[in-house]
Each structure stands twice: as C-alpha cells, then as structure tokens.
Amino acid sequence: MKKLNLFISMLALALALNLTAFGQAKITPMNIKQRTLPNGLRVVSLQDNSSPTVSIHVWYNVGSKDDPQGRSGFAHMFEHMMFKSTKNMKSEMFDRLTEDVGGYNNASTYDDFTNYYEVVPSNYLETLLWAEAERMVNLNVDEKTFSSERDVVKEEFRQRILANPYGMLFGQYLDKLSFTTHPYKRPGIGNLDELQAATVADAESFYKLFYRPDNAVLIVVGDFDEAQFNAWTDKYFGRIKQNKMAIPRVTAVEPDRTAEKRYNETAPNVPFPAVVITYLAPNSKNEDVPALEIAETILAGGESSRLYQELVYKQQIAQEAAFSADIRVDRGLLYFYAIASEGKTAEELEKSLLYELVRIQESPVTAKELAKAKNQLITRTLQEREQNDGKASAIERAIAYQGDANAVNTDIAKLQAVTIADVQRVMKKYFTDKNRVVISYQKGGDDESKK
Amino acid sequence: MKVKSKKEKGKNMSLIMKKSLGLMTAIFAFLLFTFYFVPVKAQEQPPKPSAPRSAKIPAVVEKKLTNGLTVATVERKNVPLVTIEILVKSGAKSEMMDKAGLANLTASMLTKGTKTRTASQIAEQIEFLGGSISAAAGWNNSVVQINVMSDKLDQAMAILSDVVLNPSFKQEELDLLKTQSLDGLTYNLKQPGFLANYVASKYSFGEHPAGGTPDSLNKITAADIANFKTENYTPYNSVLIFTGDINAVRANALAQKFFAKWKVPSTKSKILIGGSTVKPENKSESQLVKRFLVVDLPNSGQASVNYSKNIDKGRVGICSEPQKCDTNEIYFPASALNSVLGGGYSSRLNQEIRIKRGLSYGAGSNFGWRSGKTNFSTATQTKNESAAEVVELVLAEIEKLTNDSVSEAELNPRKLVLTGDFGRDLETTGGLADKVGELYGFYLSTKELNSFIPNVQSTSSAQIKAFAQNYLKGGNIIIVGDYSVFKADLAKRFPNMKIEVIKAEDLDLSTDNLQKAK
C-alpha cells in the first residue's frame, strides 16, 4: 500500500511537471497542393502513399440554408438524388464503383455545404474522378426515382425525428426557435409537408444553379502520383463548361437578440424532461472561435468536464449535460443542454446550467483545465488523421469554415495560443441574458409531430 | 444541426465493419469491373482501374507474463497514438438472468474509483493526458480501453493497471451507476429499434439482454460485483493488447512493470460460459416463421421490423485454453451470406426495402457470434403503415437464400465489401485492437488475421446456400410499433399466423410469457 502511494505521488509530480511541456505535441503539417482549373474548380490534394487507398471528396458550396422557399429539407433531399442516374451512369453506379470493389461512399448535407466522398483502392482513382465529374454535369432526375427517394428521406425524417424521443428537440425546435431571420431557422432535415411539395422541376433548377465547377472543391488524399492525378483532373473536370449564371447567396443576417425568449415544447414518448439554452455565436471566421472551442472542451469534453462533474456526477440531476459550440459560416449557436434524471425537472437543469455559466464567467478557468483541453483537442486531431478520409475531412472543414485549405495547418496553433483570459472574455461577451433562448421539452399529449 | 448522411444503417447492423480502409483484393476487382460495365447504348465508359497495390497485414507479437497474462503487441507507426486494452474473456455470457447486466456494471465500476483514486480523479488524470478510458462488457468479453498519445504511455498504464487491479466498488458509486443505467434503459425502451433487440434476446435467443433489465439492475449488489470481478478478472483469463506507435520491447516492459503484480487467485475460479442461455435445438426447420410477436408501442414514430433466428453453432465451439479453438466451418459462409443479405448499403434487404421501394432509411442483418451458438437477426425501421409489407419483404429475402444460389456476379462484390471493411478496420489503432481482441476472446490464433481474406475469397455459393437451408429458417418475427396502425394490414397479409401481442408497458423479460404478473 505504502509503495503504491509513493508511486502515485511521483506520478502526480510527473503530471505537474508535464504541465509546462504540454501543448508541444507534434502534429505533422499536411503538405497540401492547391490549384484552380480555368472553369473555376478548385483542387486540393495531399499525397500519402502509406496505404494503398485514396479518399476523394467533392465539396459543394450549397447547404440546407440554400433550401428554396417553401422547400425546407430540399438540399438534403437533392443530395440523395446525386446517387441516381446520369447520362453515362445507371442509378447507384457509385456503389458499383466503390462498395463493389471494397471501398465505400457517402454524402452529408450541412447547413452551409454538401460533401460527397468515397474511399477506394488507389488503383480506382481515375475511375472515381471520371464518375464525380460525370455527376457534376450530367445528372438525370426523373419523376419515378424522385418520388421513391423522397419516401426514403421521409423515412429518414421519421427515424431521426419521430422515432427518437429527443429528435424533435434537437432536429426541429433547436433551429426553429433559435433563429428569427436567417435561413438556419429551417431545420436541414425539413418536414414531411415541404418534402412532399418538392418537384422534379425544383431539382433541375437547383442542380443548374449550384452544382458547377466554380461552386465546388475537389479534395483528394492518399496513394497517387501527383502528375498523373493532375492530368486526370484536367481531363475529366477540365472539360466541364464554366457556368455564367450568378450563384445566389444567402445575405440575410440574423439580428442581435434583444430579450430572453422562453418556449415549452412537447412530444410523445419523451421519458425525461430536457432543456436547451441557446445563444447566438459569432461566425466561423471570427477570432473568438478558438477560445469558444476551448471553452466547449472545458465545459463538456469527457467525464472530467465541468458539466458532467457538476450536473451528472455531483448533483445527479441529469443523465446527460453538455455544451456545444455549433459554429457555422454565418452566426451559429452556442448552446447548453441537459436531459433530466428520473424525477428531476427542466427548471432544475436550467438553474444548474446557468450557475455553471456564471461560474466560468466570473472566475477564470485554471491553468490545468486549459492545458487539459488543449491536450484533448490535439489527441482528437491525431485520431482524425489516422486515415486518409479523416485528413480530407479536416481540409474540407478548413475550406468550408475559414475559406482557406491552409487553415488546416494553422488551426492547432490558434488553439494553443488561447489564454485563460481569452476564455473568460468570450464567455462574458456572448452569454448575455438578452442573447438567450430557453427551450424546455417534455412528454405531452398533443401529437403535432405525427402528421 | 449537423450531418444528414445518405446511408446510415440500422444500429449494430454491420458485422465486421466500422469505417476504415482496405486491402483490396485485386483479382476480383478486375472480374467485377467487366461485369458491371455492360454498356447501355453508346455511352461513355468509365476509365478502367490501374494495377492494384496490396496492403500488409500487421504482425502480432505475443508474450506471456509469469502470472499467465498474455501480452499482444501490434506496431503501426503512422500517427503517435497507442490503444491499450485489457480484454477479459468473460462478459454477459458469464452472468445469470436474474443478475443480467452484472458484467457490464462490473466493468463500468472499474473506472469509478480505486483504493487511491476517486472516480473524478481517474477521469481527470486520463483526460489531462489528452486520452480517454472506456470500460464495458458485451456478451463475450469485458474490455477496458485507453487511447492516448504515445509519449504519455507510462502515465496511462499507471491508470489502466490501477483500475483493473485495485477497484474499490464504493456503494455510492454503484448507486449512481445503477440510476444512470436505469435511466438510460428507460430512454432506450422508448425507441422501437432498441426495444426489438431487447425483446429478441429472450424471445428468440433464449438469453437475457446484456445491458440488463430494470428488475435485474435493481438487484445487483456491490458484493455481486466484487465476486464477479474476483472470479473473472484473472491474469490467465485476460489479454493485454497494445496497438499503434509502440514496439513489442517497450510494450512488454510496460506490461511487466504494471501487470506482473496481478495476483493469480489461489483457487482457480470457475468461469461460467453460457449463463442462463437456452441452447438451441439442432434441427433444420421446415417452416419459415416459427413465432410472430408484436410489441405495441403507441405513438411510436416508426415500427421496427426484425427477424431473428437462434443458431446452434458458434464462431467456435465451447472451448478454453490451453487448447486453442478453431473457427467453425459456418463462419465464412455465414459472413458472406450476411454481406449478400444485409451487410452494407447494396445488400439485398437495403435494395428491396430502401432503394427500390423507399420504405425505410436502411435495412440490414447481423450475426451475433458466441461460443457454441450464434444470434442471427435482420432489422429495419419503417412507417407504421408499412410494417406488414416490410415483414413480407424480409421473409421473401430469407426464403430466396434458401431456394436459390447466389450468382458469382453478385457474390464477388459482396466478398470485396467484407475484405475491404476488414482492411480499413486495421488502419486505426482502435480498430486493430478490436480485431485482435475478438480473436483472443474466442481463443483463436491471431494468425486468423492473415487467413481472413483468403477464407472469404474461397467461400462458395454452394456453401452459402447449404448454410441458409440448414440454419436460417424457423426464426421469429418481432414488430415493435403502433399496433393500431398496422393491425388490420397484418391480419390481412398473414391470415394463418398466430400473432402474439404484448403492450410495451407490460413487458417483463424475467417471466416466461414476457409479461408482468397482473
């Protein structure tokens, strides 16, 4: 026993000494290459021949915020259509070219952008470049496929939003009640009525408007030869004509909030009350973002985080308590949320969450908390970079949120530079009473969600 | 809100899969390509692939400490990360129905305090290193896993060995954990997909749910946990696995330093294998559906439709060290069949239910491998209105596998799905640790890492059909959803089937008829 204790105190000492050494962990910079084709397509590549695979992403600067009027959920539903037939490909051909040769493919629609990606054995790179170029310009949309795929998206809505007890809260009310003006107020998954209203003509005009080389970035990471990759890119993407139509952009600006707003919402089959407290965030290029990400980790990163320790572990009023910096291209959200333990109420959760807010505003976080958050973020970065696809995703986020692929190599330094004072400053700046929306959520008899 | 991805599959529906990269097997790739590009009119053809490169399967270096603990190391140096895992070859299979959830609570309690560290200190110390620690039990094994940067190994090992060797099992920690587990269960039991698997564990597989039931969780005491720990967490029943940026010399030195002190109990404990499991009968069934159950969950946002069949052969037979087990002959035909039927996006179930008919966001199938038995199931969620139609579609696909051979043209790409996913799993330190741990858990040789791909490749269509005929029929249908919506359609489509109906609120897995005593 004695011996063990001695060892423990030595460990504590080692940890203490390590404090200064922390933040020095090496993350190898990515040696990315960038160029732009005459038709406006940007190309970013990172050669890494350590495994015989390649990750291909095509990023389009169109997201749920660009859903047409009265067509909430459209950008996402359109993303599903991009796997259907083109002039030279049958429906689901992408699965033949990826899954059938041992790879995979997928796509995601975010508020601000849409990405299509696949990982394949590297000898299939040319094939996939051809196929991605093909669906950038030659997509067919027919009535039958459109209507069947709409049914899939409606099932996706039912699975995510209706079958999950907290689906309505996080997938509908969060955005609907947090924004008044910006199209972020329309949830990306849409709703059953507006999905039903969408037409093939909508799809055709959406495709023409947004799916074009000057609104896209091709990102390729993995096992290839640079000269050969460039030649293939020129061959298949270079022949796509430039589109002269102006690209419509969201210009709406979410105004500052002027007073706290409160909502009580219900859904069937909700086992425990929950609360979400949102604040408007700065946009993704704002210099306060790294400090907010550090604050997010201190508040909610792991079981040693403040919210877990206080609400879940000590007070035992929540089974889950967290904070999210939901940073978007335009002003996004900073939100606290908690799901109650048996017998506890949304009011109790709100009170404790706000107490933690005041605590981090009023007294500085400790040097140890700051160092811990930085270490957690570095490890997370390393984990993401174990595979080619993770590296491609990191590059993609840099493009989407900072408008610059090179940001992938400078982000870590920005996190490292965050100080205790920075954390306190941003927590005071954004988390004001006037900037607050509180949504309480519990089981209710009315069943509005199930139309 | 975040991502909406095109193809998210039903929970736990992929057998060998996560995300990662592959190991592409060239030969089939070529065959395939020519097959799928049958020209349609005078269209432009996609360029053909160039010559493939192959990837290496990493080597496992094994050593045994004098206390019987096996140490396995797989070096992989692409990023400075290491996964360290203690695998204990006992899990929910080693607990009884009335204490269902004991193995998982025991594992979870390890990180909730030791003789010298509180729960908060354990979380604080590992997270200060930038790492994370997880501890949980599945049916077969219990696993404590740490993922950390390779320059923090010593500190991480100190925490890992402390939680495994010196847990304190404090009553107040157990009380909190039980409350959390019960709340989590209450939440999950409101979800049709979870509820269907939960019921199937007893109704179809003769087991108990590995995470426990409200009743069983309430009954578990600190003494039960201490006993389970003593009986099962012994050096000779465990493996210490290192994967990632670490070589075997360093790994073995760390193992020696931190785990040589793990004491061998004076009396060899009796480890229960099979728990309360009812062993399935060994006979092939003539009827496709044996029993049909509806769990009525009013206002459910969707219906979950599942088919489940208890199979009397496992990944391995019941066996234990020192003699190593062999993978059962059904493993590769079953895995290939799963890939055809419900593993991956283009499998038959997803083709028929999602892609062709738009009835679901995803449909899939899974083999839950055990020693001596296997749980086969399919799962999908659909709107309540189409539940009965989806049952028909699922049954048609199962029947088809027992009647018709899978063509080579269909089978070859499905094999590549298996081998591709396998290769990608080996690309991350966590994926590698899982794969190596799975083999140890079944007392299998780690050489199976090297034989997996050739074994998949040599599986024939005839083997798959024979497997389907012998093992797939005679399972149960379970629907969890809003019965009032699909009751009439179900009666119309299955006029001769006896349909049992249980209200979700009356469910009790500890009784024979699955219902609370009235």
# chains A, B, ... in the order shown; residues from 1 in each chain; ligands from 1
$ select_by_dssp --residues "segment 82-263 of chain B" --states "alpha helix (DSSP H)" --output "mmCIF file with C-alpha atoms, in the first residue's frame"
data_model
loop_
_atom_site.group_PDB
_atom_site.id
_atom_site.type_symbol
_atom_site.label_atom_id
_atom_site.label_comp_id
_atom_site.auth_asym_id
_atom_site.auth_seq_id
_atom_site.Cartn_x
_atom_site.Cartn_y
_atom_site.Cartn_z
ATOM 1 C CA LEU B 102 -23.719 -7.656 -13.886
ATOM 2 C CA ALA B 103 -20.765 -7.999 -16.270
ATOM 3 C CA ASN B 104 -21.326 -4.545 -17.712
ATOM 4 C CA LEU B 105 -21.828 -2.907 -14.314
ATOM 5 C CA THR B 106 -18.650 -4.596 -13.084
ATOM 6 C CA ALA B 107 -16.626 -3.261 -15.998
ATOM 7 C CA SER B 108 -18.167 0.200 -15.627
ATOM 8 C CA MET B 109 -17.392 0.268 -11.896
ATOM 9 C CA LEU B 110 -13.671 -0.194 -12.550
ATOM 10 C CA ALA B 119 -13.844 8.396 -9.969
ATOM 11 C CA SER B 120 -13.287 12.075 -10.669
ATOM 12 C CA GLN B 121 -9.526 11.704 -10.355
ATOM 13 C CA ILE B 122 -9.456 8.829 -12.829
ATOM 14 C CA ALA B 123 -11.370 10.863 -15.407
ATOM 15 C CA GLU B 124 -9.310 13.964 -14.664
ATOM 16 C CA GLN B 125 -5.944 12.207 -14.939
ATOM 17 C CA ILE B 126 -6.588 10.314 -18.157
ATOM 18 C CA GLU B 127 -8.229 13.298 -19.824
ATOM 19 C CA PHE B 128 -5.385 15.528 -18.715
ATOM 20 C CA LEU B 153 2.184 5.759 -22.168
ATOM 21 C CA ASP B 154 3.665 5.428 -18.719
ATOM 22 C CA GLN B 155 1.070 7.633 -17.073
ATOM 23 C CA ALA B 156 -1.735 5.919 -18.988
ATOM 24 C CA MET B 157 -0.510 2.459 -17.944
ATOM 25 C CA ALA B 158 -0.463 3.526 -14.299
ATOM 26 C CA ILE B 159 -4.142 4.419 -14.535
ATOM 27 C CA LEU B 160 -5.081 1.297 -16.503
ATOM 28 C CA SER B 161 -3.397 -1.080 -14.089
ATOM 29 C CA ASP B 162 -4.860 0.730 -11.083
ATOM 30 C CA VAL B 163 -8.456 0.459 -12.332
ATOM 31 C CA VAL B 164 -8.054 -3.191 -13.285
ATOM 32 C CA LEU B 165 -6.161 -4.291 -10.156
ATOM 33 C CA GLN B 171 -21.635 1.800 -2.667
ATOM 34 C CA GLU B 172 -22.407 5.420 -3.554
ATOM 35 C CA GLU B 173 -20.715 4.983 -6.930
ATOM 36 C CA LEU B 174 -22.732 1.853 -7.584
ATOM 37 C CA ASP B 175 -25.946 3.641 -6.627
ATOM 38 C CA LEU B 176 -25.230 6.397 -9.124
ATOM 39 C CA LEU B 177 -24.230 3.985 -11.866
ATOM 40 C CA LYS B 178 -27.395 1.948 -11.361
ATOM 41 C CA THR B 179 -29.554 5.059 -11.527
ATOM 42 C CA GLN B 180 -27.785 6.100 -14.714
ATOM 43 C CA SER B 181 -28.162 2.648 -16.234
ATOM 44 C CA LEU B 182 -31.862 2.533 -15.350
ATOM 45 C CA ASP B 183 -32.475 5.998 -16.796
ATOM 46 C CA GLY B 184 -30.581 5.012 -19.940
ATOM 47 C CA LEU B 185 -32.710 1.889 -20.235
ATOM 48 C CA THR B 186 -35.942 3.860 -19.777
ATOM 49 C CA TYR B 187 -34.844 6.123 -22.639
ATOM 50 C CA ASN B 188 -33.825 3.235 -24.893
ATOM 51 C CA PRO B 192 -38.644 0.821 -31.377
ATOM 52 C CA GLY B 193 -35.289 -0.397 -32.754
ATOM 53 C CA PHE B 194 -33.736 -0.909 -29.341
ATOM 54 C CA LEU B 195 -36.867 -2.464 -27.915
ATOM 55 C CA ALA B 196 -36.983 -5.047 -30.707
ATOM 56 C CA ASN B 197 -33.437 -6.251 -29.983
ATOM 57 C CA TYR B 198 -34.118 -6.234 -26.268
ATOM 58 C CA VAL B 199 -37.146 -8.493 -26.633
ATOM 59 C CA ALA B 200 -35.388 -10.745 -29.166
ATOM 60 C CA SER B 201 -32.660 -11.566 -26.654
ATOM 61 C CA LYS B 202 -35.158 -13.613 -24.664
ATOM 62 C CA TYR B 203 -37.941 -14.366 -27.146
ATOM 63 C CA PRO B 214 -34.961 -2.769 -14.869
ATOM 64 C CA ASP B 215 -35.503 -5.655 -12.417
ATOM 65 C CA SER B 216 -32.108 -7.266 -12.734
ATOM 66 C CA LEU B 217 -30.214 -3.975 -12.495
ATOM 67 C CA ASN B 218 -32.050 -3.164 -9.284
ATOM 68 C CA LYS B 219 -30.996 -6.498 -7.766
ATOM 69 C CA ALA B 222 -21.695 -4.360 -4.565
ATOM 70 C CA ALA B 223 -20.941 -7.898 -3.345
ATOM 71 C CA ASP B 224 -22.142 -9.380 -6.649
ATOM 72 C CA ILE B 225 -19.776 -7.060 -8.450
ATOM 73 C CA ALA B 226 -16.810 -7.853 -6.222
ATOM 74 C CA ASN B 227 -17.454 -11.581 -6.728
ATOM 75 C CA PHE B 228 -17.796 -11.263 -10.475
ATOM 76 C CA LYS B 229 -14.540 -9.342 -10.548
ATOM 77 C CA THR B 230 -12.677 -11.923 -8.474
ATOM 78 C CA GLU B 231 -13.968 -14.868 -10.478
ATOM 79 C CA ASN B 232 -13.430 -13.435 -13.931
ATOM 80 C CA ALA B 248 6.995 -5.102 -28.602
ATOM 81 C CA VAL B 249 10.079 -4.489 -26.440
ATOM 82 C CA ARG B 250 8.600 -1.351 -24.935
ATOM 83 C CA ALA B 251 5.138 -2.910 -24.641
ATOM 84 C CA ASN B 252 6.460 -5.967 -22.832
ATOM 85 C CA ALA B 253 8.468 -3.795 -20.449
ATOM 86 C CA LEU B 254 5.347 -1.763 -19.639
ATOM 87 C CA ALA B 255 3.339 -4.959 -19.190
ATOM 88 C CA GLN B 256 5.936 -6.288 -16.787
ATOM 89 C CA LYS B 257 6.133 -3.049 -14.841
ATOM 90 C CA PHE B 258 2.393 -2.555 -14.417
ATOM 91 C CA PHE B 259 0.783 -6.011 -14.599
#
$ residues_around --residues "Arg359 of chain A" --least-positions-apart "4" --cutoff "12 Å" --atoms "only C-alpha atoms" --output "list in words"
Leu299, Arg306, Leu307, Glu310, Ser352, Leu353, Leu354, Tyr355, Ser363, Pro364, Val365, Gln424, Met427 and Lys428 of chain A
$ select_by_dssp --residues "segment 302-431 of chain B" --states "strand (DSSP E or B)" --output "ChimeraX atom specification"
/B:303-311,316,363-369,371,374-382
$ atom_distance --atom1 "atom CA of Gln402 of chain A" --atom2 "atom CA of Asp422 of chain A"
20.2 Å
$ interface_residues --of "chain A" --to "chain B" --cutoff "7 Å" --atoms "only C-alpha atoms" --output "PyMOL selection string"
chain A and resi 51-53+80+88+99-103+106-110+121+123-124+126-127+130+148-149+151-152+155-156+158-159+162-164+171+268-269+271+303-304+319+341-342+372+375-376+379+382+386-387
$ write_last_selection --atoms "N, CA and C atoms" --output "compact mmCIF listing (two decimals), in the first residue's frame"
# COMPACT_ATOMS: atom_id res chain seq x y z
N SER A 51 -0.78 3.89 -47.37
CA SER A 51 -1.72 2.77 -47.53
C SER A 51 -2.29 2.84 -48.94
N PRO A 52 -2.60 1.69 -49.56
CA PRO A 52 -2.95 1.70 -50.99
C PRO A 52 -4.39 2.13 -51.23
N THR A 53 -4.77 3.24 -50.62
CA THR A 53 -6.15 3.70 -50.75
C THR A 53 -6.15 5.19 -51.01
N HIS A 80 -29.52 13.17 -51.97
CA HIS A 80 -29.88 11.76 -52.25
C HIS A 80 -29.98 11.50 -53.75
N ASN A 88 -24.22 8.98 -68.40
CA ASN A 88 -23.38 7.80 -68.65
C ASN A 88 -23.31 6.80 -67.50
N GLU A 99 -18.32 0.43 -53.26
CA GLU A 99 -18.64 -0.72 -52.42
C GLU A 99 -18.22 -2.04 -53.07
N ASP A 100 -18.53 -2.19 -54.36
CA ASP A 100 -18.28 -3.46 -55.04
C ASP A 100 -16.79 -3.76 -55.23
N VAL A 101 -15.93 -2.77 -55.05
CA VAL A 101 -14.51 -3.05 -55.17
C VAL A 101 -13.83 -2.95 -53.81
N GLY A 102 -14.63 -2.95 -52.76
CA GLY A 102 -14.07 -2.96 -51.41
C GLY A 102 -13.96 -1.58 -50.77
N GLY A 103 -14.52 -0.56 -51.40
CA GLY A 103 -14.49 0.79 -50.83
C GLY A 103 -15.85 1.18 -50.28
N ASN A 106 -20.37 8.01 -49.51
CA ASN A 106 -21.47 8.61 -48.78
C ASN A 106 -21.51 10.09 -49.09
N ALA A 107 -22.41 10.78 -48.46
CA ALA A 107 -22.53 12.23 -48.63
C ALA A 107 -23.22 12.78 -47.41
N SER A 108 -22.99 14.05 -47.11
CA SER A 108 -23.68 14.70 -46.00
C SER A 108 -24.09 16.10 -46.40
N THR A 109 -25.25 16.50 -45.91
CA THR A 109 -25.69 17.88 -46.12
C THR A 109 -25.61 18.62 -44.80
N TYR A 110 -24.85 19.68 -44.78
CA TYR A 110 -24.72 20.53 -43.61
C TYR A 110 -25.54 21.79 -43.85
N PRO A 121 -9.71 1.56 -53.27
CA PRO A 121 -8.34 1.15 -53.54
C PRO A 121 -7.75 2.15 -54.53
N ASN A 123 -5.97 2.18 -57.03
CA ASN A 123 -5.96 1.97 -58.49
C ASN A 123 -7.28 2.36 -59.13
N TYR A 124 -8.27 2.73 -58.33
CA TYR A 124 -9.55 3.19 -58.87
C TYR A 124 -9.69 4.71 -58.89
N GLU A 126 -8.68 7.08 -60.94
CA GLU A 126 -9.11 7.67 -62.21
C GLU A 126 -10.60 7.42 -62.46
N THR A 127 -11.04 6.19 -62.16
CA THR A 127 -12.45 5.84 -62.36
C THR A 127 -13.36 6.77 -61.56
N TRP A 130 -13.52 10.37 -62.88
CA TRP A 130 -14.46 10.39 -64.01
C TRP A 130 -15.91 10.45 -63.49
N SER A 148 -39.58 8.03 -55.26
CA SER A 148 -39.16 6.92 -54.39
C SER A 148 -38.10 7.40 -53.38
N GLU A 149 -37.19 8.25 -53.86
CA GLU A 149 -36.15 8.74 -52.96
C GLU A 149 -36.73 9.70 -51.93
N ASP A 151 -39.55 9.26 -50.54
CA ASP A 151 -40.05 8.37 -49.49
C ASP A 151 -38.93 7.94 -48.55
N VAL A 152 -37.74 7.69 -49.10
CA VAL A 152 -36.60 7.33 -48.24
C VAL A 152 -36.30 8.47 -47.28
N GLU A 155 -38.71 8.60 -44.54
CA GLU A 155 -38.39 7.60 -43.51
C GLU A 155 -37.21 8.06 -42.66
N GLU A 156 -36.26 8.72 -43.31
CA GLU A 156 -35.12 9.25 -42.55
C GLU A 156 -35.63 10.26 -41.52
N ARG A 158 -38.63 10.29 -40.18
CA ARG A 158 -39.34 9.56 -39.11
C ARG A 158 -38.35 8.91 -38.15
N GLN A 159 -37.26 8.35 -38.73
CA GLN A 159 -36.30 7.65 -37.88
C GLN A 159 -35.54 8.62 -36.97
N LEU A 162 -38.88 11.43 -35.38
CA LEU A 162 -40.07 10.93 -34.70
C LEU A 162 -39.80 9.70 -33.83
N ALA A 163 -38.96 8.78 -34.29
CA ALA A 163 -38.76 7.55 -33.52
C ALA A 163 -37.82 7.78 -32.35
N ASN A 164 -37.04 8.86 -32.40
CA ASN A 164 -36.13 9.18 -31.30
C ASN A 164 -36.81 10.17 -30.36
N GLY A 171 -33.61 18.16 -33.55
CA GLY A 171 -33.70 18.18 -35.01
C GLY A 171 -34.73 19.16 -35.55
N PRO A 268 -44.60 13.08 -27.95
CA PRO A 268 -44.99 11.84 -27.27
C PRO A 268 -43.74 11.00 -26.96
N ASN A 269 -43.87 10.08 -26.03
CA ASN A 269 -42.80 9.13 -25.73
C ASN A 269 -41.49 9.78 -25.26
N PRO A 271 -39.21 10.31 -22.32
CA PRO A 271 -39.16 9.74 -20.98
C PRO A 271 -38.74 10.73 -19.89
N GLU A 303 -15.59 12.95 -19.07
CA GLU A 303 -16.22 12.85 -17.74
C GLU A 303 -15.59 13.77 -16.71
N SER A 304 -14.41 14.31 -17.01
CA SER A 304 -13.82 15.26 -16.06
C SER A 304 -14.28 16.69 -16.36
N GLN A 319 -28.87 13.02 -16.74
CA GLN A 319 -28.13 11.86 -17.24
C GLN A 319 -27.19 12.28 -18.35
N SER A 341 -32.43 13.40 -15.04
CA SER A 341 -32.53 12.08 -14.41
C SER A 341 -33.98 11.88 -13.97
N GLU A 342 -34.30 10.63 -13.65
CA GLU A 342 -35.65 10.29 -13.17
C GLU A 342 -36.06 11.24 -12.05
N LYS A 372 -5.43 20.77 -20.14
CA LYS A 372 -6.16 19.53 -20.42
C LYS A 372 -6.97 19.66 -21.72
N ASN A 375 -4.74 19.41 -24.70
CA ASN A 375 -4.30 18.03 -24.94
C ASN A 375 -5.41 17.18 -25.55
N GLN A 376 -6.63 17.38 -25.07
CA GLN A 376 -7.75 16.62 -25.62
C GLN A 376 -7.97 16.95 -27.10
N THR A 379 -5.19 15.31 -29.23
CA THR A 379 -5.42 13.87 -29.41
C THR A 379 -6.53 13.64 -30.43
N LEU A 382 -5.18 14.05 -33.85
CA LEU A 382 -4.38 12.89 -34.27
C LEU A 382 -5.28 11.72 -34.65
N GLU A 386 -5.61 9.50 -38.52
CA GLU A 386 -5.12 8.12 -38.70
C GLU A 386 -5.39 7.64 -40.12
N GLN A 387 -6.46 8.14 -40.74
CA GLN A 387 -6.83 7.64 -42.06
C GLN A 387 -6.94 8.78 -43.08
$ closest_residue --among "A:Leu415, A:Leu218, A:Ala407, A:Ile27" --to "Ala394 of chain A" --atoms "only C-alpha atoms"
A:Ala407
